[in-house]
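What follows is the content of data-v1.txt, which has compact mmCIF, C-alpha atoms:
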```txt
# COMPACT_ATOMS: atom_id res chain seq x y z
CA MET A 176 -23.65 -32.73 -1.05
CA PRO A 177 -22.96 -36.46 -1.57
CA SER A 178 -19.85 -37.99 -0.12
CA ARG A 179 -16.89 -38.48 -2.48
CA LEU A 180 -14.16 -41.10 -2.46
CA ILE A 181 -10.86 -40.32 -4.16
CA TYR A 182 -9.01 -43.60 -4.68
CA ASN A 183 -5.90 -44.97 -6.37
CA ILE A 184 -3.86 -42.09 -4.92
CA GLY A 185 -0.19 -42.72 -5.61
CA GLN A 186 0.79 -40.68 -2.57
CA LEU A 187 -1.38 -38.78 -0.11
CA ALA A 188 1.04 -36.09 1.07
CA GLY A 189 0.82 -33.54 3.86
CA VAL A 190 -0.92 -35.67 6.48
CA HIS A 191 -0.32 -33.25 9.34
CA VAL A 192 -2.03 -32.48 12.61
CA ALA A 193 -0.30 -29.23 13.58
CA THR A 194 -1.38 -26.43 15.89
CA GLN A 195 1.39 -24.02 14.92
CA PRO A 196 3.64 -23.30 11.93
CA LEU A 197 6.38 -25.79 11.16
CA ARG A 198 9.97 -24.72 11.89
CA GLY A 199 13.51 -25.96 11.47
CA PRO A 200 13.83 -29.69 10.73
CA GLY A 201 10.05 -30.04 11.12
CA LEU A 202 9.54 -28.04 7.93
CA ALA A 203 11.17 -30.86 5.95
CA SER A 204 8.74 -33.46 7.29
CA LEU A 205 5.83 -34.15 4.92
CA PRO A 206 4.06 -37.25 6.22
CA GLY A 207 2.14 -39.25 3.68
CA ILE A 208 0.48 -42.53 2.74
CA ASP A 209 1.38 -44.41 -0.43
CA ASN A 210 -1.37 -46.08 -2.48
CA ALA A 211 -4.13 -44.31 -0.57
CA TRP A 212 -7.74 -43.18 -0.58
CA LEU A 213 -9.41 -40.03 0.78
CA LEU A 214 -13.06 -39.67 1.78
CA ILE A 215 -14.82 -36.29 1.58
CA GLU A 216 -18.16 -35.64 3.28
CA ASP A 217 -19.86 -32.32 2.66
CA ASP A 218 -16.95 -29.85 2.42
CA ARG A 219 -14.64 -31.68 4.84
CA ILE A 220 -12.03 -34.41 4.88
CA ALA A 221 -13.80 -37.27 6.65
CA ASP A 222 -11.24 -40.07 6.51
CA PHE A 223 -8.27 -41.45 4.61
CA GLY A 224 -6.15 -44.57 4.56
CA SER A 225 -4.25 -47.15 2.56
CA MET A 226 -5.83 -49.00 -0.37
CA SER A 227 -4.69 -52.17 1.42
CA ARG A 228 -7.67 -51.52 3.67
CA THR A 229 -10.97 -51.61 1.81
CA PRO A 230 -12.00 -47.98 1.28
CA PRO A 231 -15.49 -46.92 2.36
CA THR A 232 -18.39 -46.56 -0.03
CA ALA A 233 -19.34 -43.10 -1.23
CA GLY A 234 -21.87 -41.41 -3.44
CA GLU A 235 -19.26 -40.07 -5.88
CA LYS A 236 -15.94 -41.58 -6.88
CA THR A 237 -12.81 -40.02 -8.38
CA ASP A 238 -9.93 -42.13 -9.66
CA ALA A 239 -6.66 -40.33 -8.91
CA ALA A 240 -4.96 -42.68 -11.41
CA GLY A 241 -1.78 -42.82 -9.33
CA GLY A 242 -1.39 -39.06 -8.99
CA ILE A 243 -0.24 -37.33 -5.82
CA VAL A 244 -2.84 -35.63 -3.63
CA LEU A 245 -1.70 -32.50 -1.80
CA PRO A 246 -3.44 -29.81 0.22
CA ALA A 247 -4.32 -26.90 -2.08
CA TRP A 248 -1.84 -24.03 -2.05
CA CYS A 249 -2.39 -21.29 0.52
CA ASP A 250 -1.15 -18.03 -1.00
CA SER A 251 -0.84 -15.60 1.89
CA HIS A 252 0.38 -12.48 0.02
CA THR A 253 -1.18 -11.14 -3.19
CA HIS A 254 -2.31 -7.87 -4.75
CA LEU A 255 -4.59 -9.48 -7.34
CA VAL A 256 -7.13 -6.64 -7.45
CA PHE A 257 -5.56 -4.24 -9.92
CA ALA A 258 -6.68 -2.32 -12.97
CA GLY A 259 -3.95 -2.71 -15.56
CA SER A 260 -0.68 -4.37 -16.43
CA ARG A 261 2.69 -2.62 -16.31
CA GLU A 262 4.75 -4.25 -19.04
CA SER A 263 6.16 -0.87 -20.09
CA GLU A 264 7.90 -0.75 -16.71
CA PHE A 265 9.12 -4.28 -17.34
CA VAL A 266 10.94 -2.90 -20.37
CA ASP A 267 12.27 -0.01 -18.25
CA LYS A 268 13.72 -2.56 -15.84
CA LEU A 269 15.36 -4.40 -18.72
CA LYS A 270 16.95 -1.09 -19.71
CA GLY A 271 18.44 -0.71 -16.24
CA LEU A 272 16.03 1.33 -14.12
CA SER A 273 15.56 0.14 -10.55
CA TYR A 274 12.23 -0.41 -8.77
CA ALA A 275 12.85 2.72 -6.67
CA GLU A 276 13.78 4.80 -9.75
CA ILE A 277 10.60 3.77 -11.58
CA ASN A 278 8.53 4.65 -8.53
CA ALA A 279 10.29 8.03 -8.16
CA LYS A 280 9.31 9.08 -11.70
CA GLY A 281 5.63 8.30 -11.12
CA GLY A 282 5.64 4.67 -12.10
CA GLY A 283 5.24 1.64 -9.90
CA ILE A 284 2.50 1.82 -7.29
CA LEU A 285 1.50 5.33 -8.42
CA ASN A 286 0.96 4.03 -11.96
CA SER A 287 -1.38 1.33 -10.65
CA ALA A 288 -3.17 3.94 -8.54
CA ARG A 289 -3.89 6.07 -11.61
CA ASN A 290 -5.21 3.04 -13.49
CA LEU A 291 -7.39 2.06 -10.56
CA ALA A 292 -8.88 5.54 -10.22
CA ARG A 293 -10.13 5.28 -13.82
CA THR A 294 -11.70 1.86 -13.32
CA SER A 295 -15.15 1.16 -11.92
CA GLU A 296 -15.76 -1.21 -9.02
CA GLU A 297 -17.62 -3.60 -11.32
CA GLU A 298 -14.79 -3.65 -13.86
CA LEU A 299 -12.29 -4.29 -11.08
CA PHE A 300 -14.39 -7.17 -9.80
CA VAL A 301 -14.65 -8.84 -13.22
CA MET A 302 -10.88 -8.66 -13.72
CA ALA A 303 -10.17 -9.94 -10.22
CA TRP A 304 -12.73 -12.74 -10.54
CA THR A 305 -11.03 -13.98 -13.71
CA ARG A 306 -7.62 -13.97 -12.03
CA LEU A 307 -8.97 -15.72 -8.94
CA ASN A 308 -10.45 -18.56 -10.99
CA GLU A 309 -7.20 -18.92 -12.92
CA LEU A 310 -5.32 -19.29 -9.64
CA ALA A 311 -7.81 -21.89 -8.39
CA ALA A 312 -7.22 -23.95 -11.54
CA LEU A 313 -3.50 -23.87 -10.68
CA GLY A 314 -4.20 -25.36 -7.27
CA THR A 315 -4.67 -22.35 -4.99
CA GLY A 316 -7.42 -22.87 -2.43
CA ALA A 317 -6.83 -19.91 -0.11
CA VAL A 318 -5.59 -16.43 -0.89
CA GLU A 319 -4.91 -13.16 0.91
CA ILE A 320 -5.64 -10.02 -1.15
CA LYS A 321 -4.38 -6.53 -0.34
CA SER A 322 -5.62 -3.09 -1.22
CA GLY A 323 -2.99 -0.40 -1.73
CA TYR A 324 -3.50 0.81 -5.29
CA GLY A 325 -6.18 3.31 -4.28
CA LEU A 326 -4.19 5.72 -2.09
CA THR A 327 -7.36 7.79 -1.64
CA VAL A 328 -10.36 7.18 0.57
CA GLU A 329 -12.51 6.36 -2.45
CA GLY A 330 -9.88 4.17 -4.13
CA GLU A 331 -8.96 2.11 -1.09
CA LEU A 332 -12.59 1.50 -0.18
CA LYS A 333 -13.34 0.54 -3.78
CA MET A 334 -10.62 -2.10 -3.70
CA LEU A 335 -11.69 -3.49 -0.34
CA ARG A 336 -15.32 -3.68 -1.44
CA VAL A 337 -14.21 -5.68 -4.48
CA ILE A 338 -12.32 -8.05 -2.19
CA LYS A 339 -15.39 -8.37 0.04
CA LYS A 340 -17.49 -9.27 -3.02
CA LEU A 341 -14.90 -11.89 -4.01
CA LYS A 342 -15.16 -13.33 -0.49
CA GLU A 343 -18.93 -13.54 -0.77
CA ARG A 344 -19.02 -15.15 -4.22
CA SER A 345 -15.95 -17.39 -4.36
CA ALA A 346 -15.59 -20.81 -2.78
CA LEU A 347 -11.94 -20.07 -2.06
CA ALA A 348 -10.93 -19.00 1.44
CA ILE A 349 -10.09 -15.29 1.10
CA LYS A 350 -8.56 -12.85 3.57
CA ALA A 351 -8.56 -9.08 3.02
CA THR A 352 -5.72 -6.75 3.97
CA PHE A 353 -5.87 -2.96 4.09
CA LEU A 354 -2.63 -1.60 2.61
CA GLY A 355 -3.46 2.08 2.29
CA ALA A 356 0.10 2.70 3.51
CA HIS A 357 1.61 1.29 0.31
CA THR A 358 3.27 4.55 -0.71
CA TYR A 359 2.64 8.26 -0.26
CA PRO A 360 0.39 9.86 -2.92
CA PRO A 361 2.10 12.78 -4.71
CA GLU A 362 0.01 15.37 -2.87
CA TYR A 363 1.29 14.00 0.46
CA LYS A 364 4.91 13.50 -0.56
CA GLU A 365 6.00 16.32 1.75
CA ASN A 366 3.18 15.86 4.26
CA HIS A 367 3.48 12.32 5.57
CA GLN A 368 1.49 13.02 8.71
CA GLY A 369 -1.36 14.35 6.59
CA TYR A 370 -1.67 11.01 4.78
CA ILE A 371 -1.34 9.02 8.00
CA ASP A 372 -4.16 11.17 9.42
CA LEU A 373 -6.24 10.39 6.30
CA ILE A 374 -5.72 6.68 6.86
CA THR A 375 -6.45 6.93 10.56
CA ASN A 376 -9.40 9.31 10.55
CA GLU A 377 -11.17 8.67 7.24
CA MET A 378 -10.25 5.22 5.91
CA LEU A 379 -10.03 2.99 8.97
CA PRO A 380 -13.39 3.95 10.56
CA VAL A 381 -15.26 3.04 7.35
CA ILE A 382 -13.24 -0.16 6.90
CA ALA A 383 -14.08 -1.21 10.44
CA ARG A 384 -17.75 -0.24 10.14
CA GLU A 385 -18.24 -2.21 6.89
CA GLY A 386 -16.04 -5.15 7.92
CA LEU A 387 -13.83 -4.70 4.86
CA ALA A 388 -10.49 -6.03 6.15
CA ASP A 389 -8.95 -8.69 8.34
CA TYR A 390 -5.44 -7.25 8.42
CA ILE A 391 -3.53 -3.96 8.33
CA ASP A 392 -0.31 -3.80 6.29
CA VAL A 393 2.37 -1.15 5.69
CA PHE A 394 5.23 -0.98 3.18
CA CYS A 395 8.08 -0.31 5.61
CA GLU A 396 10.95 0.74 3.36
CA LYS A 397 13.31 3.62 2.69
CA GLY A 398 11.48 6.08 0.46
CA PHE A 399 8.13 4.72 1.62
CA PHE A 400 7.13 4.37 5.30
CA SER A 401 9.70 4.64 8.08
CA PRO A 402 9.61 2.26 11.06
CA GLU A 403 8.02 5.01 13.18
CA GLU A 404 5.38 5.75 10.53
CA THR A 405 4.78 2.03 10.10
CA GLU A 406 4.16 1.60 13.81
CA ALA A 407 1.76 4.54 13.89
CA VAL A 408 -0.34 3.15 11.01
CA VAL A 409 -0.29 -0.40 12.35
CA ARG A 410 -1.37 0.71 15.83
CA ALA A 411 -4.22 2.71 14.28
CA GLY A 412 -5.37 -0.44 12.46
CA MET A 413 -5.02 -2.56 15.57
CA ALA A 414 -7.27 -0.12 17.42
CA HIS A 415 -9.96 -1.07 14.88
CA GLY A 416 -9.41 -4.81 15.36
CA LEU A 417 -7.10 -5.43 12.40
CA LYS A 418 -4.16 -7.79 12.85
CA PRO A 419 -0.81 -6.55 11.52
CA LYS A 420 1.13 -7.84 8.51
CA ILE A 421 4.12 -5.87 7.26
CA HIS A 422 6.04 -5.51 3.99
CA ALA A 423 9.54 -5.70 5.46
CA ASN A 424 13.15 -5.63 4.32
CA GLN A 425 12.54 -5.93 0.59
CA LEU A 426 15.04 -3.32 -0.59
CA ASN A 427 17.00 -2.49 2.56
CA LEU A 428 17.37 -3.31 6.24
CA SER A 429 14.26 -1.21 6.75
CA GLY A 430 13.42 -1.95 10.38
CA GLY A 431 10.19 -3.62 9.29
CA VAL A 432 11.07 -6.96 10.86
CA GLU A 433 11.75 -5.36 14.23
CA VAL A 434 8.50 -3.37 14.13
CA GLY A 435 6.53 -6.43 13.08
CA VAL A 436 7.93 -8.64 15.82
CA ALA A 437 7.45 -5.93 18.46
CA LEU A 438 3.79 -5.57 17.46
CA LYS A 439 3.31 -9.35 17.20
CA ALA A 440 2.50 -9.17 13.50
CA LEU A 441 1.07 -12.33 11.99
CA SER A 442 3.71 -12.11 9.28
CA VAL A 443 6.52 -9.99 7.91
CA ASP A 444 6.77 -10.41 4.16
CA HIS A 445 9.56 -10.17 1.54
CA LEU A 446 12.80 -10.39 3.61
CA GLU A 447 15.19 -10.15 0.67
CA THR A 448 17.55 -8.10 2.89
CA MET A 449 18.38 -9.70 6.23
CA ASP A 450 21.32 -9.73 8.63
CA ASP A 451 22.16 -11.83 11.68
CA THR A 452 20.25 -9.50 14.00
CA THR A 453 16.99 -9.51 12.00
CA VAL A 454 17.19 -13.28 11.50
CA ALA A 455 17.60 -13.81 15.24
CA THR A 456 14.78 -11.37 15.98
CA LEU A 457 12.41 -13.24 13.69
CA ALA A 458 13.51 -16.66 14.93
CA GLY A 459 12.73 -15.68 18.52
CA SER A 460 9.18 -14.61 17.70
CA THR A 461 5.83 -16.11 16.74
CA THR A 462 5.76 -13.96 13.58
CA ILE A 463 5.92 -15.84 10.27
CA GLY A 464 8.42 -14.74 7.63
CA THR A 465 6.70 -14.90 4.24
CA LEU A 466 9.09 -15.28 1.31
CA LEU A 467 8.14 -14.12 -2.19
CA PRO A 468 10.72 -15.61 -4.58
CA THR A 469 8.94 -14.66 -7.80
CA ALA A 470 9.17 -10.98 -6.82
CA ALA A 471 12.93 -11.24 -6.24
CA PHE A 472 13.22 -13.13 -9.55
CA PHE A 473 11.23 -10.56 -11.52
CA LEU A 474 13.16 -7.64 -10.02
CA ARG A 475 16.48 -9.48 -10.48
CA MET A 476 17.26 -9.09 -6.79
CA PRO A 477 19.09 -11.56 -4.55
CA MET A 478 16.75 -14.31 -3.39
CA GLN A 479 15.53 -14.41 0.18
CA PRO A 480 17.95 -16.32 2.47
CA ALA A 481 15.60 -19.23 3.00
CA ARG A 482 18.24 -21.69 4.24
CA THR A 483 19.56 -19.23 6.82
CA LEU A 484 16.04 -18.50 8.05
CA ILE A 485 15.05 -22.16 8.25
CA ASP A 486 18.27 -23.23 9.95
CA ALA A 487 17.84 -20.40 12.49
CA GLY A 488 14.40 -21.73 13.43
CA CYS A 489 12.25 -19.06 11.77
CA ALA A 490 8.72 -20.02 10.75
CA ILE A 491 8.51 -19.30 7.04
CA ALA A 492 5.74 -19.37 4.44
CA LEU A 493 5.83 -19.02 0.67
CA ALA A 494 3.51 -16.77 -1.34
CA SER A 495 3.27 -15.36 -4.86
CA ASP A 496 3.08 -11.57 -4.30
CA PHE A 497 0.86 -11.57 -7.42
CA ASN A 498 0.82 -7.95 -8.60
CA PRO A 499 1.26 -6.05 -11.88
CA GLY A 500 4.60 -4.45 -11.07
CA SER A 501 6.98 -6.87 -9.40
CA SER A 502 5.41 -10.34 -9.60
CA PRO A 503 2.84 -10.63 -12.42
CA SER A 504 2.13 -14.29 -11.69
CA GLY A 505 0.08 -16.02 -9.03
CA ASN A 506 1.25 -19.50 -9.99
CA MET A 507 2.15 -21.16 -6.70
CA ASN A 508 3.56 -24.18 -8.53
CA LEU A 509 6.23 -21.85 -9.93
CA VAL A 510 6.76 -20.34 -6.45
CA VAL A 511 7.42 -23.82 -5.04
CA ALA A 512 9.78 -24.73 -7.89
CA MET A 513 11.68 -21.46 -7.63
CA SER A 514 12.03 -21.89 -3.88
CA CYS A 515 13.75 -25.22 -4.48
CA ILE A 516 15.86 -24.16 -7.45
CA GLN A 517 16.92 -20.70 -6.31
CA MET A 518 16.62 -20.85 -2.50
CA ARG A 519 17.73 -24.49 -1.98
CA MET A 520 14.64 -25.52 -0.11
CA VAL A 521 13.97 -29.23 -0.38
CA PRO A 522 10.59 -30.10 -1.96
CA GLU A 523 9.02 -31.07 1.37
CA GLU A 524 10.01 -27.74 2.92
CA ALA A 525 8.65 -25.76 -0.01
CA ILE A 526 5.36 -27.65 -0.06
CA ASN A 527 4.86 -27.23 3.69
CA ALA A 528 5.68 -23.52 3.44
CA ALA A 529 3.19 -23.09 0.58
CA THR A 530 0.40 -25.05 2.26
CA LEU A 531 0.32 -25.43 6.05
CA ASN A 532 2.52 -22.46 6.97
CA GLY A 533 0.77 -20.35 4.33
CA ALA A 534 -2.51 -21.24 6.00
CA PHE A 535 -1.16 -20.17 9.39
CA ALA A 536 -0.05 -16.88 7.78
CA MET A 537 -3.76 -16.26 7.08
CA SER A 538 -5.02 -17.50 10.47
CA LEU A 539 -6.40 -20.56 8.68
CA GLY A 540 -4.09 -23.26 9.97
CA ASP A 541 -6.92 -24.99 11.83
CA GLN A 542 -9.00 -25.21 8.63
CA LEU A 543 -6.63 -25.62 5.69
CA GLY A 544 -3.10 -26.46 4.61
CA SER A 545 -2.86 -30.15 5.46
CA ILE A 546 -4.64 -33.47 5.11
CA ALA A 547 -6.41 -33.93 8.43
CA LYS A 548 -9.83 -35.14 9.46
CA GLY A 549 -12.24 -32.27 9.84
CA LYS A 550 -10.30 -29.82 7.72
CA LYS A 551 -11.84 -28.34 4.60
CA ALA A 552 -11.42 -30.51 1.53
CA ASN A 553 -9.29 -28.08 -0.47
CA ILE A 554 -6.94 -30.41 -2.32
CA LEU A 555 -5.21 -30.87 -5.64
CA ILE A 556 -4.50 -34.05 -7.57
CA THR A 557 -1.47 -34.22 -9.84
CA ARG A 558 -1.10 -36.23 -12.97
CA PRO A 559 0.93 -39.40 -12.39
CA VAL A 560 4.50 -38.27 -11.66
CA PRO A 561 7.56 -40.29 -10.63
CA SER A 562 7.89 -38.65 -7.21
CA LEU A 563 7.07 -35.63 -5.11
CA ALA A 564 10.40 -34.04 -6.08
CA TYR A 565 9.43 -34.27 -9.75
CA ILE A 566 6.86 -31.48 -9.25
CA PRO A 567 9.39 -28.66 -8.63
CA TYR A 568 12.05 -30.43 -10.71
CA SER A 569 9.92 -30.31 -13.87
CA PHE A 570 9.05 -26.65 -13.28
CA GLY A 571 7.80 -25.80 -16.76
CA THR A 572 4.99 -28.36 -16.82
CA ASN A 573 1.53 -28.03 -15.31
CA HIS A 574 1.21 -31.22 -13.29
CA ILE A 575 -2.27 -30.54 -11.90
CA ALA A 576 -5.02 -32.88 -13.04
CA GLN A 577 -7.85 -31.79 -10.74
CA VAL A 578 -8.56 -29.30 -7.96
CA PHE A 579 -11.25 -29.63 -5.30
CA ILE A 580 -12.44 -26.62 -3.29
CA ASN A 581 -14.72 -27.34 -0.33
CA GLY A 582 -15.01 -30.88 -1.62
CA GLU A 583 -16.27 -29.87 -5.05
CA PRO A 584 -14.28 -30.24 -8.29
CA ILE A 585 -13.66 -26.99 -10.13
```
Mind turning the file's structure into structure tokens?
Amino acid sequence: MPSRLIYNIGQLAGVHVATQPLRGPGLASLPGIDNAWLLIEDDRIADFGSMSRTPPTAGEKTDAAGGIVLPAWCDSHTHLVFAGSRESEFVDKLKGLSYAEINAKGGGILNSARNLARTSEEELFVMAWTRLNELAALGTGAVEIKSGYGLTVEGELKMLRVIKKLKERSALAIKATFLGAHTYPPEYKENHQGYIDLITNEMLPVIAREGLADYIDVFCEKGFFSPEETEAVVRAGMAHGLKPKIHANQLNLSGGVEVGVALKALSVDHLETMDDTTVATLAGSTTIGTLLPTAAFFLRMPMQPARTLIDAGCAIALASDFNPGSSPSGNMNLVVAMSCIQMRMVPEEAINAATLNGAFAMSLGDQLGSIAKGKKANILITRPVPSLAYIPYSFGTNHIAQVFINGEPI
């Protein structure tokens, strides 16, 4: 692949060399170079600097026309492999039903599970491939994808095999998470141990044998998996080499944060419901708290307490939670804007949380999430904008002019 020079960059932002997630005041630091150039060789960032210094020659040239160059978004929590939309439940929510009430009457996750059971692996792949490419065009260069709409051995394996095929065919960096413990199927509603045994004895051995997942996840929530059940499932996954991630504290103080920290989970995700104890627990750990503001927005729930978490010293990331039931959008530009508007994060904090810290929440911080020599050239170029803050400020406009994945324009 020929080298490529991107020049006339209004601002090259996110010039970090970091070995761990950013925290506290450090999250608000977004180093950059005004009037810059960036050199790509093969699929890597080779060099960068100010246009005041003559940029190197290269085989290909791209004029950024004064736009801002940022690391591509790193979306560390999605459910983008699904079989059908759920707009009828959207209407139910508008009429006053809660997320838990919809799930209790057979909607929610169970609805998606029924749709998935009727859909072939090839059909699932085609739908997921379309969504993945749409997200890439919006600036996403790395994405974590969960199973969890199968709830049977066949269904969960089907989803994970689709994710594996996406990994093999897409240029995006993709991580796979096994979320068989998303909810209890109806036939196991009164036999929780029976379903945990199914996960442990029939799903996990195949997943490990075929290399279908990087992480194990559990929805730790009242009416779903208790802290004790969560720990049992996570430990079973860890025995097969899967690192833990946990859905925690979305609807209640569920105990998910405490379980995640105790098991050294890579991340605990959602965190709409937090108190002083859970904040302090997370702040004193290496676990990343992943915030999903579009899910809280869609469900009309209180937003995650981002300022409290940041000020306490927690490491936080931002992700889309793209799924058909509670966040039917994978647009990370909207996630960043909503984090500023609704959670009072400053633009630099939101961008860092959606790039570098998101990369760390997928064990990719050494490869992606910042502008650094040797990292993969996953970047986005905006149209010319007045400032960095204009990107979340003007939230209804698509500011992206070009996206490069592994050094290649898409």
Output as JSON the centre and edge lengths (Å, one decimal) of the box along x, y and z of the file that holds every listed atom of range 355-370 of chain A after adding 6 Å on each side.
```
{"center_x": 1.3, "center_y": 8.8, "center_z": 2.0, "size_x": 21.5, "size_y": 27.0, "size_z": 25.4}
```
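Residue nearest Tyr565 in chain A within the list A:Ser295, A:Ser545, A:Gln517, A:Asn508: A:Asn508 [criterion: smallest interatomic distance, all atoms listed in the file].
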Requested in this report: For each of A:Met176, A:Leu326, A:Leu341, A:Ala188, take the minimum atom-to-atom distance to Asn527 in chain A, counting all atoms listed in the file, then give the residue where this is smallest.
Outcome: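 Answer, going by the shortest atom-to-atom distance: A:Ala188.
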Query - Counting all atoms listed in the file, the option among A:Arg179, A:Lys280, A:Lys268, A:Lys418 closest to Phe473 in chain A - result: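 Checking each candidate against Phe473 in chain A, we get A:Lys268 as the closest.
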Requested in this report: State, in Å with one decimal place, the distance from CA of Pro477 in chain A to CA of Ser263 in chain A.
Outcome: 22.9 Å
Query raised in the report: Nearest to Ser501 in chain A among A:Leu563, A:Ile284, A:Ile516, A:Leu446, with distances taken over all atoms listed in the file: which residue is it?
Result: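 Among A:Leu563, A:Ile284, A:Ile516, A:Leu446, it is A:Ile284 that comes nearest to Ser501 in chain A.
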Query raised in the report: If we count all atoms listed in the file, what is near Ile526 in chain A at a cut-off of 10 Å, once residues fewer than 4 positions away on the same chain are taken out, given as an MDAnalysis selection string?
Result: chainID A and resid 188:189 202:205 245:248 492:493 507:508 510:512 514:515 520:522 530:533 544 563 567
Output the selection as a short mmCIF file (atom, residue, chain, number, x, y, z; two decimals), keeping the file's coordinate frame - C-alpha atoms for each residue.
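Once everything was written out, this is again.cif:
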```cif
data_model
loop_
_atom_site.label_atom_id
_atom_site.label_comp_id
_atom_site.auth_asym_id
_atom_site.auth_seq_id
_atom_site.Cartn_x
_atom_site.Cartn_y
_atom_site.Cartn_z
CA ALA A 188 1.04 -36.09 1.07
CA GLY A 189 0.82 -33.54 3.86
CA LEU A 202 9.54 -28.04 7.93
CA ALA A 203 11.17 -30.86 5.95
CA SER A 204 8.74 -33.46 7.29
CA LEU A 205 5.83 -34.15 4.92
CA LEU A 245 -1.70 -32.50 -1.80
CA PRO A 246 -3.44 -29.81 0.22
CA ALA A 247 -4.32 -26.90 -2.08
CA TRP A 248 -1.84 -24.03 -2.05
CA ALA A 492 5.74 -19.37 4.44
CA LEU A 493 5.83 -19.02 0.67
CA MET A 507 2.15 -21.16 -6.70
CA ASN A 508 3.56 -24.18 -8.53
CA VAL A 510 6.76 -20.34 -6.45
CA VAL A 511 7.42 -23.82 -5.04
CA ALA A 512 9.78 -24.73 -7.89
CA SER A 514 12.03 -21.89 -3.88
CA CYS A 515 13.75 -25.22 -4.48
CA MET A 520 14.64 -25.52 -0.11
CA VAL A 521 13.97 -29.23 -0.38
CA PRO A 522 10.59 -30.10 -1.96
CA THR A 530 0.40 -25.05 2.26
CA LEU A 531 0.32 -25.43 6.05
CA ASN A 532 2.52 -22.46 6.97
CA GLY A 533 0.77 -20.35 4.33
CA GLY A 544 -3.10 -26.46 4.61
CA LEU A 563 7.07 -35.63 -5.11
CA PRO A 567 9.39 -28.66 -8.63
#
```
Mind checking which residues fall within 12 Å of Asp450 in chain A, counting all atoms listed in the file, ignoring those fewer than 5 positions away in the same chain, and posting them as a short mmCIF file (atom, residue, chain, number, x, y, z; two decimals) with C-alpha atoms, in the frame of the given file?
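File part_14.cif, as written:
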```cif
data_model
loop_
_atom_site.label_atom_id
_atom_site.label_comp_id
_atom_site.auth_asym_id
_atom_site.auth_seq_id
_atom_site.Cartn_x
_atom_site.Cartn_y
_atom_site.Cartn_z
CA ASN A 424 13.15 -5.63 4.32
CA ASN A 427 17.00 -2.49 2.56
CA LEU A 428 17.37 -3.31 6.24
CA SER A 429 14.26 -1.21 6.75
CA GLY A 430 13.42 -1.95 10.38
CA VAL A 432 11.07 -6.96 10.86
CA GLU A 433 11.75 -5.36 14.23
CA ALA A 455 17.60 -13.81 15.24
CA THR A 456 14.78 -11.37 15.98
CA LEU A 457 12.41 -13.24 13.69
CA GLN A 479 15.53 -14.41 0.18
CA PRO A 480 17.95 -16.32 2.47
CA THR A 483 19.56 -19.23 6.82
CA LEU A 484 16.04 -18.50 8.05
CA ALA A 487 17.84 -20.40 12.49
#
```
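Near Val393 in chain A, within a cut-off of 9 Å and counting only C-alpha atoms, sit the residues A:Phe353, A:Leu354, A:Gly355, A:Ala356, A:His357, A:Thr358, A:Phe400, A:Glu404, A:Thr405, A:Glu406, A:Val408, A:Val409, A:Pro419, A:Lys420, A:Ile421, A:His422, A:Ala423, A:Gly431, with same-chain residues fewer than 5 positions away left out.
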Query raised in the report: Smallest atom-to-atom distance to Ile580 in chain A: which of A:Leu438, A:Leu299, A:Ala317, A:Met478, using only C-alpha atoms?
Result: A:Ala317
Query raised in the report: A:Gly316, A:Gly325, A:Pro230, A:Gly224: which is nearest Asp250 in chain A, counting all atoms listed in the file?
Result: A:Gly316
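Here CA of Phe579 in chain A is placed at a distance of 21.3 Å from CA of Leu255 in chain A.
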Query raised in the report: Need the neighbours of (12.1, 4.3, -7.4): which residues are at most 12 Å away, counting all atoms listed in the file, as a ChimeraX atom specification?
Result: /A:264,267-268,271-285,358,396-399,426
With 8 Å as the cut-off and all atoms listed in the file counted, what is the closest atom pair between each nearby residue of range 272-363 of chain A and range 568-577 of chain A? Distances in Å to one decimal, ordered by chain and number, as a tab-separated table.
```
residue	atom	partner	partner_atom	distance
A:Ala312	CA	A:Gln577	CA	7.9
A:Leu313	CA	A:Ile575	CA	6.9
A:Gly314	CA	A:Ile575	CA	7.2
```
**Report entry** Coordinates-based distance that separates CA of Ile546 in chain A from CA of Ile243 in chain A (Å, one decimal)
**Finding:** 12.4 Å
